[in-house]
Amino acid sequence: MPGFTTLFYKELLRFWKVSFQTILAPMLTALLYLLIFSHVLEEQVQVYDGVSYTAFLVPGLAMMTVLQNAFANSSSSLIQSKITGNIIFILLPPLSHGEFFLAYILASIVRGLVVGLGVFAMTLWFVAVPLKYPLWVLLFAFLGSGILGALGIIAGIWADKFDQLAAFQNFIIIPLTFLSGVFYSIHSLPQFWQAASHFNPFFYMIDGFRYGFFGISDVAPGLSIAVVASSFLALSLFTLWLLKIGYKLRY
Amino acid sequence: MVSVMTPAIQIREVNKSFGAVQALRNVSLEIAQGEFFALLGPNGAGKTTLINILAGLSRADHGKLAVMGFDVASQYREARRALGVVPQELVFDPFFTVRETLTIQSGYYGVKNNRGWIDEVIHHLDLADKADTNMRALSGGMKRRVLVAQALMHKPPVIVLDEPTAGVDVELRQALWQFIRKLNADGHTIVLTTHYLEEAEALCGRIAMLKQGKIVALDTTKNLLESFSARRVKLRLSPDYLPDDLESMLLQRSESRYTLALSDFSVLEKVMSRLREAGIAVQEIELLQPDLEEVFMKIMSKH
């Protein structure tokens, strides 16, 4: 699949060339969240026994950053290519829809993981966070960024202008991430919102990811992995189908 | 296996609509390997739509298209590998330099280690000074050259250029045509759309004219010029007078110059002897060659 390798490389090079914006800026944002929230809430909140609020916050923030950046990578690359017209450079060559999908989604995953790792490394200065099941952590980071990478492809293809993409991001992606338990355990929520959280797939991504660090979670990790893996599969199949029929790409 | 007899491009009964607008109506066309072919027509005639369908950027509602014998839908990988397209719009990826753009483009087609060919194309298109410059920093003409270079990265047997000289200065236009002529001489099939009819006339062996999605003329450039365009002669006479029996040939008179229509250039001899008989001296003579613009205007007004 030489076409895939090149498209994947091009997508990596694209975000690497603007790494201030694509890697360092989100790391700084996550750090600011950590400093402010932990300063204000460290003494007031303890979510799990024996886990400080700052430590609790780290995996959530890291995963939130992973997810948002994975989405931003594929969606912004595609909308820019569509609006500037250079999307034809990847529509003219003999790339299959599978190669197209894999290149964009893997580049999103790489960006998500790089930024997530950066956030995690920075927070080590402030708080020691245990890493009980590292493979579990990696699996959730991989699948979570894969889901958001796929959502980014869908949004990038669907949106005709930056405004529509911003709406997708601000009205769907950001609320779902913020309401997924990044900053709190859903057990601290009123009954209704606790129940509602169970319908948010982002909640399972964060909760399962956090389980990998502390060995404690709001729901059983088996349930989280089932929800996350099936969401990844369903979205991937849907994205592949959109690419196959050429939705909004080949008229 | 592509044989010599396989047409470079085969288009059969292609229809395409965008909502209520019918962009292509039953278009059929065959272009042989090695041809230099022009696709002409006014804006909105369907030229770009046809190219887009051929390149897989758009899909036909009905009909079949093949590049070097490969169906553009069912054998899209082979068909796209056989085709290089220079798009009409000046598009570029602002993240990369010229060399990066060309290396990436080669990779999409599975061409690895293409440095030698990249250097050659860069040299021919006079891009050597700009090879490591970011695409954003290039002028329009330079960006156009990069688009041509991109289309050539996988050495496609068929090259389609959609108005490659729109907004390009004379010098670059000349250089570009020289390079494309060379590619044609090397065996590449060239299909071109242009608004500069004198370019099509000078370069292309065969021409198709499209109007409102239909092919309204398809012939060799020579035949089109001969069948649709009159030969003319422009004369300045002394005394300033045209004998009565030549009046029937008069097309136009302005500022004491007479333009006469000739059914053939051999008729010119009769005109000259008639003028001699009448004691009229020819002070200036200008033979007007048939041109494609005239043919184009005639065909477009007929349909």
# chains A, B, ... in the order shown; residues from 1 in each chain; ligands from 1

$ closest_atom_pairs --of "chain A" --to "chain B" --cutoff "7 Å" --atoms "only C-alpha atoms" --output "JSON lines"
{"residue": "A:Pro2", "atom": "CA", "partner": "B:Gly110", "partner_atom": "CA", "distance": 4.9}
{"residue": "A:Gly3", "atom": "CA", "partner": "B:Tyr108", "partner_atom": "CA", "distance": 4.2}
{"residue": "A:Thr6", "atom": "CA", "partner": "B:Gly107", "partner_atom": "CA", "distance": 5.3}
{"residue": "A:Leu7", "atom": "CA", "partner": "B:Tyr108", "partner_atom": "CA", "distance": 6.8}
{"residue": "A:Lys10", "atom": "CA", "partner": "B:Ile104", "partner_atom": "CA", "distance": 7.0}
{"residue": "A:Arg14", "atom": "CA", "partner": "B:Phe95", "partner_atom": "CA", "distance": 6.2}
{"residue": "A:Thr84", "atom": "CA", "partner": "B:Val91", "partner_atom": "CA", "distance": 6.7}
{"residue": "A:Gly85", "atom": "CA", "partner": "B:Val91", "partner_atom": "CA", "distance": 5.7}
{"residue": "A:Asn86", "atom": "CA", "partner": "B:Val91", "partner_atom": "CA", "distance": 5.4}
{"residue": "A:Leu91", "atom": "CA", "partner": "B:Leu57", "partner_atom": "CA", "distance": 6.5}
{"residue": "A:Leu92", "atom": "CA", "partner": "B:Ala55", "partner_atom": "CA", "distance": 6.3}
{"residue": "A:Pro93", "atom": "CA", "partner": "B:Tyr109", "partner_atom": "CA", "distance": 5.9}
{"residue": "A:Pro94", "atom": "CA", "partner": "B:Arg77", "partner_atom": "CA", "distance": 4.4}
{"residue": "A:Arg250", "atom": "CA", "partner": "B:Ser58", "partner_atom": "CA", "distance": 4.9}
{"residue": "A:Tyr251", "atom": "CA", "partner": "B:Ser58", "partner_atom": "CA", "distance": 4.6}

$ write_last_selection --atoms "C-alpha atoms" --output "PDB file, in the first residue's frame"
ATOM      1  CA  PRO A   2       2.513   2.665  -1.075  1.00  0.00           C
ATOM      2  CA  GLY A   3      -0.242   5.255  -1.486  1.00  0.00           C
ATOM      3  CA  THR A   6       2.668   8.436   1.626  1.00  0.00           C
ATOM      4  CA  LEU A   7      -0.697   9.835   2.683  1.00  0.00           C
ATOM      5  CA  LYS A  10       1.956  13.574   4.575  1.00  0.00           C
ATOM      6  CA  ARG A  14       1.357  18.385   8.099  1.00  0.00           C
ATOM      7  CA  THR A  84      -8.421  25.302  -0.654  1.00  0.00           C
ATOM      8  CA  GLY A  85      -9.179  22.674  -3.328  1.00  0.00           C
ATOM      9  CA  ASN A  86      -6.009  20.658  -2.828  1.00  0.00           C
ATOM     10  CA  LEU A  91      -8.653  12.185  -5.104  1.00  0.00           C
ATOM     11  CA  LEU A  92      -6.797  11.912  -8.416  1.00  0.00           C
ATOM     12  CA  PRO A  93      -4.287   9.179  -7.430  1.00  0.00           C
ATOM     13  CA  PRO A  94      -5.226   5.493  -7.262  1.00  0.00           C
ATOM     14  CA  ARG A 250     -16.738  12.779  -5.650  1.00  0.00           C
ATOM     15  CA  TYR A 251     -19.822  14.399  -7.115  1.00  0.00           C
TER      16      TYR A 251
END

$ residues_around --residues "Phe37 in chain A" --least-positions-apart "5" --cutoff "10 Å" --atoms "only C-alpha atoms" --output "list in words"
Leu31, Leu32, Glu42, Tyr53, Thr54, Leu57 and Phe183 of chain A

$ closest_residue --among "A:Phe232, A:Leu223, A:Phe20, A:Gly152" --to "Ala107 in chain A" --atoms "only C-alpha atoms"
A:Gly152

$ closest_residue --among "A:Phe142, A:Phe120, A:Trp125, A:Phe214" --to "Met27 in chain A" --atoms "only C-alpha atoms"
A:Phe120

$ residues_around --residues "range 136-144 of chain B" --least-positions-apart "2" --cutoff "12 Å" --atoms "only C-alpha atoms" --output "PyMOL selection string"
(chain A and resi 84) or (chain B and resi 86-98+101+122+125-134+146-151+161-173+175-176)

$ closest_residue --among "A:Gly181, A:Gly156, A:Gly222, A:Pro201" --to "Val47 in chain A" --atoms "only C-alpha atoms"
A:Gly181

$ atom_distance --atom1 "CA of Gln10 in chain B" --atom2 "CA of Ser227 in chain B"
26.0 Å

$ atom_distance --atom1 "CA of Arg276 in chain B" --atom2 "CA of Leu250 in chain B"
17.7 Å

$ closest_residue --among "A:Ile109, A:Val219, A:Leu78, A:Ala159" --to "Ile186 in chain A" --atoms "only C-alpha atoms"
A:Val219

$ residues_around --residues "Ile147 in chain A" --least-positions-apart "6" --cutoff "12 Å" --atoms "only C-alpha atoms" --output "MDAnalysis selection string"
chainID A and resid 66:71 74 104:106 108:109 112 140:141 153:154 173 201:202 205 227:239

$ write_last_selection --atoms "C-alpha atoms" --output "CSV table (one decimal), in the first residue's frame"
chain,number,residue,atom,x,y,z
A,66,VAL,CA,-6.0,13.0,23.2
A,67,LEU,CA,-9.7,13.0,22.0
A,68,GLN,CA,-9.9,16.7,21.1
A,69,ASN,CA,-6.6,16.6,19.1
A,70,ALA,CA,-7.4,13.4,17.3
A,71,PHE,CA,-10.7,15.0,16.2
A,74,SER,CA,-8.5,14.7,10.6
A,104,TYR,CA,-6.2,9.8,8.2
A,105,ILE,CA,-7.3,7.8,11.2
A,106,LEU,CA,-3.7,6.7,12.1
A,108,SER,CA,-5.2,11.3,14.2
A,109,ILE,CA,-4.2,8.5,16.6
A,112,GLY,CA,-3.7,12.2,20.0
A,140,PHE,CA,-8.2,3.1,25.5
A,141,ALA,CA,-6.1,5.9,24.2
A,153,ILE,CA,-13.1,12.5,9.0
A,154,ILE,CA,-16.9,12.4,9.0
A,173,ILE,CA,-17.5,17.1,20.7
A,201,PRO,CA,-19.8,7.1,24.8
A,202,PHE,CA,-17.1,9.6,25.9
A,205,MET,CA,-13.5,6.3,27.1
A,227,VAL,CA,-18.8,0.2,24.4
A,228,VAL,CA,-15.6,1.9,23.2
A,229,ALA,CA,-14.6,-1.0,20.9
A,230,SER,CA,-18.0,-1.3,19.3
A,231,SER,CA,-18.3,2.5,18.9
A,232,PHE,CA,-14.9,2.4,17.1
A,233,LEU,CA,-16.0,-0.4,14.9
A,234,ALA,CA,-19.4,1.2,14.0
A,235,LEU,CA,-17.9,4.6,13.2
A,236,SER,CA,-15.1,3.1,11.2
A,237,LEU,CA,-17.5,1.1,9.1
A,238,PHE,CA,-19.7,4.2,8.6
A,239,THR,CA,-16.7,6.3,7.6

$ residues_around --residues "Lys161 in chain A" --least-positions-apart "4" --cutoff "12 Å" --atoms "only C-alpha atoms" --output "list in words"
Ser75, Ser76, Leu78, Ile79, Gln80, Ser81, Lys82, Ile83, Thr84, Ala155, Gly156, Ile157, Leu165, Ala166, Ala167 and Phe168 of chain A

$ select_by_dssp --residues "range 9-144 of chain B" --states "alpha helix (DSSP H)" --output "number ranges by chain"
B: 47-55, 76-81, 98-108, 115-124, 140-144

$ atom_distance --atom1 "CA of Ala226 in chain A" --atom2 "CA of Phe213 in chain A"
18.6 Å
